[in-house]
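Structure first, then comments.
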Amino acid sequence: MTFSIRFILISVILALCESALGASRTTPPAGAVIVRAGTTTAGEFSTVSKAVNSLPNDSSTRTIFIFPGTYTEQVNITRPGPLTMYNVNVKNTFGQGSQAIAISQYGTRVGLYGCGFFGFQDTVLAEQGTQVFLRGYIQGATDFIFGQRGQAYFERNTIAVSAHGCITASGRTSNDNTSYVFNDNTVVLSSGAASDTAGRIFLGRPWGDFAKVIFKNTVVNVALNTTVWSIWNVGDERTDDVFFADFNTTGSGIAGAKRASFSTLLSASQASAFSISSAVGSDFATWVDTTYLA
């Protein structure tokens with residue numbers, strides 16, 4: 001398995017690591033590769049890319065500790081094996097007008113904990129492999145969580161919308177085992193959001209004909225469009241085989257909802273079938289930091 005991730009602007013709170021360190025660590029563990037902005041210390045690296053490139057291309061467990069700072073670069077991680085990342089903010093600062101991905105994720109058993117991903121269009125590409133986004137922050141406007149073959153689980157994140165558009169765009173093209181499952185997340189307006197955003201937000205639209213997205217226990221604090229879910233485009237709806245579903249959606253933003261006919265409002269028993277296990281596999285506890293789960 002090869003993992004690839006791309007960053008544009010990295011603002012680090014604590015650490016990026018390839019073994020679980022926990023959210024509270026503020027000093028490097030023994031044996032860690034150290035990244036520190038502006039460093040001239042022998043054995044340390046001034047960029048994340050240089051630190052990543054110093055690692056052997058094998059599946060051995062390695063740790064990169066990044067000291068707080070801002071690192072403007074693009075990083076590609078292609079080492080085999082799982083990856084775990086804590087408390088890193090990744091920003092694509094291009095802004096409105098074109099696809100501008102903050103993270104492009106193709107790996108398997110990837111855990112992203114307390115991380116922030118900032119962009120406008122297509123912020124998070126969950127393209128393939130098993131991945132969890134837990135207790136973090138994701139910001140965008142247009143199809144800003146998207147991908148085709150990803151098995152992704154999102155829990156206890158703040159999802160911030162900065163302009164009208166769709167939160168998700170699932171590109172699933174067949175009735176396979178992939179899906180995006182969201183549980184216990186909160187949808188808000190981002191700081192500086194466009195003034196006409198409220199009422200023009202959708203939970204998702206189908207990039208692929210078999211798009212599959214489930215939102216459970218979501219608190220929506222900004223007004224959604226009353227249909228909640230969107231077609232792809234007029235004349236190219238792509239809704240015949242989609243599975244768009246929500247359960248126990250609360251908050252002021254869901255008031256007056258009249259869900260689209262191609263969507264499903266789940267009962268409690270139906271909703272129980274969609275979980276971290278259904279999204280990334282029943283063996284999740286062998287690689288997910290479960291202290292970040294509800």
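If you're wondering about the labels, chains in the structure tokens are A, B, ... by order shown, residues count from 1 in each chain, ligands from 1 in order shown.
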
Excluding same-chain residues fewer than 5 positions from Lys212 of chain A, what lies within 12 Å of it counting only C-alpha atoms, as JSON, numbers by chain?
{"A": [146, 147, 148, 149, 150, 151, 152, 168, 169, 170, 171, 172, 173, 174, 175, 176, 177, 178, 179, 180, 181, 182, 203, 204, 205, 206, 207, 229, 239, 240, 241, 242, 243, 244, 245, 246, 262, 263, 264, 274, 279]}

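The residue set within 7 Å of Val33 of chain A, counting only C-alpha atoms and dropping same-chain residues fewer than 6 places from it, reads Ala51, Thr63, Ile64 and Phe65 of chain A.
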
Restricting it to N, CA, C and O atoms, dump the selection as an mmCIF file, in the first residue's frame.
data_model
loop_
_atom_site.group_PDB
_atom_site.id
_atom_site.type_symbol
_atom_site.label_atom_id
_atom_site.label_comp_id
_atom_site.auth_asym_id
_atom_site.auth_seq_id
_atom_site.Cartn_x
_atom_site.Cartn_y
_atom_site.Cartn_z
ATOM 1 N N ALA A 51 11.976 16.309 6.305
ATOM 2 C CA ALA A 51 11.871 15.287 7.337
ATOM 3 C C ALA A 51 11.270 14.010 6.776
ATOM 4 O O ALA A 51 11.755 12.901 7.033
ATOM 5 N N THR A 63 8.439 8.375 13.735
ATOM 6 C CA THR A 63 7.733 9.533 14.279
ATOM 7 C C THR A 63 8.389 10.816 13.792
ATOM 8 O O THR A 63 9.612 10.944 13.844
ATOM 9 N N ILE A 64 7.559 11.729 13.314
ATOM 10 C CA ILE A 64 8.014 13.084 12.997
ATOM 11 C C ILE A 64 7.349 14.024 13.986
ATOM 12 O O ILE A 64 6.118 14.056 14.081
ATOM 13 N N PHE A 65 8.149 14.777 14.718
ATOM 14 C CA PHE A 65 7.609 15.771 15.647
ATOM 15 C C PHE A 65 7.854 17.151 15.060
ATOM 16 O O PHE A 65 8.986 17.530 14.784
#

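Reported to one decimal place, the separation of atom CA of Asn185 of chain A from atom CA of Asn248 of chain A is 11.5 Å.
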
Pick out the residues sitting within 6 Å of Arg259 of chain A, and hand them over as a PyMOL selection string; count only C-alpha atoms, and ignore anything fewer than 2 positions along from it in its own chain.
chain A and resi 227-228+257

Residue with smallest distance to Ala194 of chain A - pool A:Thr41, A:Gln96, A:Ser59, A:Gln131, counting only C-alpha atoms
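The answer is A:Gln96, which sits nearest to Ala194 of chain A.
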
Extract the full set of strand (DSSP E or B) residues from segment 175-207 of chain A according to DSSP on the backbone, and format it as an NGL selection string.
:A and (179-183 or 186-189 or 201-206)

Please identify all polymer residues within 9 Å of Arg238 of chain A, counting only C-alpha atoms, omitting same-chain residues fewer than 5 positions from it, and present them as a ChimeraX atom specification.
/A:205-211,231-233

Segment 128-289 of chain A: which residues are alpha helix (DSSP H) by DSSP, as a list of chain:residue names?
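Filtering segment 128-289 of chain A down to alpha helix (DSSP H) leaves A:Ala268, A:Ser269, A:Gln270, A:Ala271, A:Ile276, A:Ser277, A:Ser278, A:Ala279, A:Val280.
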
Selected residues, N, CA, C and O atoms, written as a PDB file, in the first residue's frame, please.
ATOM      1  N   ALA A 268     -34.097   5.006  13.999  1.00  0.00           N
ATOM      2  CA  ALA A 268     -32.996   4.666  14.897  1.00  0.00           C
ATOM      3  C   ALA A 268     -32.406   3.304  14.561  1.00  0.00           C
ATOM      4  O   ALA A 268     -31.177   3.123  14.565  1.00  0.00           O
ATOM      5  N   SER A 269     -33.263   2.333  14.273  1.00  0.00           N
ATOM      6  CA  SER A 269     -32.757   0.994  13.953  1.00  0.00           C
ATOM      7  C   SER A 269     -32.001   0.988  12.630  1.00  0.00           C
ATOM      8  O   SER A 269     -30.974   0.313  12.495  1.00  0.00           O
ATOM      9  N   GLN A 270     -32.468   1.741  11.664  1.00  0.00           N
ATOM     10  CA  GLN A 270     -31.747   1.830  10.395  1.00  0.00           C
ATOM     11  C   GLN A 270     -30.399   2.533  10.581  1.00  0.00           C
ATOM     12  O   GLN A 270     -29.385   2.109  10.026  1.00  0.00           O
ATOM     13  N   ALA A 271     -30.405   3.591  11.371  1.00  0.00           N
ATOM     14  CA  ALA A 271     -29.181   4.363  11.581  1.00  0.00           C
ATOM     15  C   ALA A 271     -28.097   3.544  12.260  1.00  0.00           C
ATOM     16  O   ALA A 271     -26.893   3.768  12.035  1.00  0.00           O
ATOM     17  N   ILE A 276     -18.673   3.516  12.601  1.00  0.00           N
ATOM     18  CA  ILE A 276     -17.267   3.443  12.223  1.00  0.00           C
ATOM     19  C   ILE A 276     -16.930   2.072  11.645  1.00  0.00           C
ATOM     20  O   ILE A 276     -16.143   1.949  10.712  1.00  0.00           O
ATOM     21  N   SER A 277     -17.586   1.027  12.153  1.00  0.00           N
ATOM     22  CA  SER A 277     -17.339  -0.322  11.629  1.00  0.00           C
ATOM     23  C   SER A 277     -17.800  -0.455  10.185  1.00  0.00           C
ATOM     24  O   SER A 277     -17.102  -1.042   9.345  1.00  0.00           O
ATOM     25  N   SER A 278     -18.982   0.069   9.889  1.00  0.00           N
ATOM     26  CA  SER A 278     -19.475  -0.038   8.518  1.00  0.00           C
ATOM     27  C   SER A 278     -18.640   0.799   7.564  1.00  0.00           C
ATOM     28  O   SER A 278     -18.511   0.473   6.383  1.00  0.00           O
ATOM     29  N   ALA A 279     -18.057   1.889   8.078  1.00  0.00           N
ATOM     30  CA  ALA A 279     -17.295   2.790   7.216  1.00  0.00           C
ATOM     31  C   ALA A 279     -15.889   2.275   6.935  1.00  0.00           C
ATOM     32  O   ALA A 279     -15.429   2.281   5.788  1.00  0.00           O
ATOM     33  N   VAL A 280     -15.170   1.841   7.985  1.00  0.00           N
ATOM     34  CA  VAL A 280     -13.748   1.503   7.801  1.00  0.00           C
ATOM     35  C   VAL A 280     -13.399   0.072   8.197  1.00  0.00           C
ATOM     36  O   VAL A 280     -12.241  -0.338   8.094  1.00  0.00           O
TER      37      VAL A 280
END

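In terms of minimum interatomic distance to Ser195 of chain A, A:Ser162 ranks closest within A:Phe94, A:Ile66, A:Leu224, A:Ser162, counting only C-alpha atoms.
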
When you look at Gly192 of chain A with a cut-off of 12 Å (counting only C-alpha atoms), what residues show up, excluding the ones that are within fewer than 2 positions of it in the same chain? I need them as a short mmCIF file (atom, residue, chain, number, x, y, z; two decimals) with C-alpha atoms, in the first residue's frame.
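Contents of the output file around26.cif:
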data_model
loop_
_atom_site.label_atom_id
_atom_site.label_comp_id
_atom_site.auth_asym_id
_atom_site.auth_seq_id
_atom_site.Cartn_x
_atom_site.Cartn_y
_atom_site.Cartn_z
CA GLN A 139 -13.72 24.30 6.18
CA GLY A 140 -14.87 24.96 2.64
CA ALA A 160 -17.47 25.18 8.71
CA VAL A 161 -19.14 26.50 5.56
CA SER A 162 -17.76 29.67 4.01
CA ALA A 163 -20.13 30.13 1.02
CA VAL A 188 -21.48 26.14 11.35
CA LEU A 189 -20.73 29.23 9.30
CA SER A 190 -17.04 29.93 9.07
CA ALA A 194 -20.33 35.04 2.44
CA SER A 195 -23.44 36.92 3.51
CA ASP A 196 -25.74 34.90 1.24
CA THR A 197 -24.64 31.48 2.52
#

Please provide the set of residues having any atom within 7 Å of Thr158 of chain A, restricted to only C-alpha atoms, with same-chain residues fewer than 5 positions apart removed, written as an MDAnalysis selection string.
chainID A and resid 136:138 185:187

Taking all heavy atoms for each residue, export the selection above as a CSV table (one decimal), in the first residue's frame.
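Output (again.csv):
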chain,number,residue,atom,x,y,z
A,136,GLY,N,-11.8,17.2,14.7
A,136,GLY,CA,-11.1,18.2,14.0
A,136,GLY,C,-11.9,19.3,13.4
A,136,GLY,O,-13.0,19.6,13.9
A,137,TYR,N,-11.5,20.0,12.4
A,137,TYR,CA,-12.1,21.1,11.8
A,137,TYR,C,-11.9,21.0,10.3
A,137,TYR,O,-10.8,20.8,9.8
A,137,TYR,CB,-11.5,22.4,12.3
A,137,TYR,CG,-12.1,23.7,11.8
A,137,TYR,CD1,-13.1,24.3,12.5
A,137,TYR,CD2,-11.6,24.3,10.6
A,137,TYR,CE1,-13.6,25.5,12.0
A,137,TYR,CE2,-12.1,25.5,10.2
A,137,TYR,CZ,-13.2,26.1,10.9
A,137,TYR,OH,-13.7,27.3,10.4
A,138,ILE,N,-13.0,21.1,9.5
A,138,ILE,CA,-12.9,21.1,8.1
A,138,ILE,C,-13.7,22.3,7.5
A,138,ILE,O,-14.9,22.4,7.8
A,138,ILE,CB,-13.5,19.8,7.5
A,138,ILE,CG1,-12.8,18.6,8.1
A,138,ILE,CG2,-13.4,19.7,6.0
A,138,ILE,CD1,-13.4,17.2,7.8
A,185,ASN,N,-21.2,15.4,14.4
A,185,ASN,CA,-20.5,16.6,13.9
A,185,ASN,C,-21.4,17.8,14.0
A,185,ASN,O,-22.6,17.7,14.2
A,185,ASN,CB,-20.1,16.4,12.4
A,185,ASN,CG,-19.1,15.2,12.3
A,185,ASN,OD1,-18.0,15.3,12.6
A,185,ASN,ND2,-19.7,14.1,11.8
A,186,THR,N,-20.8,19.0,13.9
A,186,THR,CA,-21.5,20.2,14.0
A,186,THR,C,-21.2,21.1,12.8
A,186,THR,O,-20.1,21.3,12.4
A,186,THR,CB,-21.1,21.0,15.3
A,186,THR,OG1,-21.4,20.2,16.4
A,186,THR,CG2,-21.9,22.3,15.4
A,187,VAL,N,-22.3,21.6,12.1
A,187,VAL,CA,-22.1,22.4,10.9
A,187,VAL,C,-22.4,23.9,11.3
A,187,VAL,O,-23.4,24.2,11.9
A,187,VAL,CB,-23.1,22.0,9.9
A,187,VAL,CG1,-23.0,22.9,8.6
A,187,VAL,CG2,-22.9,20.5,9.5

In terms of the shortest atom-to-atom distance over only C-alpha atoms, which of A:Tyr86, A:Gln128, A:Phe202, A:Arg109 is closest to Asp143 of chain A?
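Looking at the shortest contact to Asp143 of chain A, the residue is A:Phe202.
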
With distances taken over only C-alpha atoms, which residue among A:Ile254, A:Ala285, A:Leu265, A:Cys166 lies nearest Phe144 of chain A?
A:Cys166

Between atom CA of Ala141 of chain A and atom CA of Ser261 of chain A, what is the distance, to one decimal in Å?
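Distance between the two atoms: 23.8 Å.
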
Have a look at atom CA of Asp58 of chain A and atom CA of Gly116 of chain A and let me know their distance in Å, one decimal.
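Interatomic distance, atom CA of Asp58 of chain A to atom CA of Gly116 of chain A: 27.6 Å.
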
Which residues are close to Gly95 of chain A, i.e. within 8 Å by only C-alpha atoms, leaving aside same-chain residues fewer than 5 positions away? Reply as a PyMOL selection string.
chain A and resi 100+119-121

Can I get the selection written as a PDB file, in the first residue's frame, with C-alpha atoms?
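What follows is the written file out-v5.pdb:
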ATOM      1  CA  ALA A 100      -7.700  23.849  -4.224  1.00  0.00           C
ATOM      2  CA  GLY A 119      -9.871  25.483   1.750  1.00  0.00           C
ATOM      3  CA  PHE A 120     -12.729  26.620  -0.447  1.00  0.00           C
ATOM      4  CA  GLN A 121     -13.457  24.127  -3.221  1.00  0.00           C
TER       5      GLN A 121
END
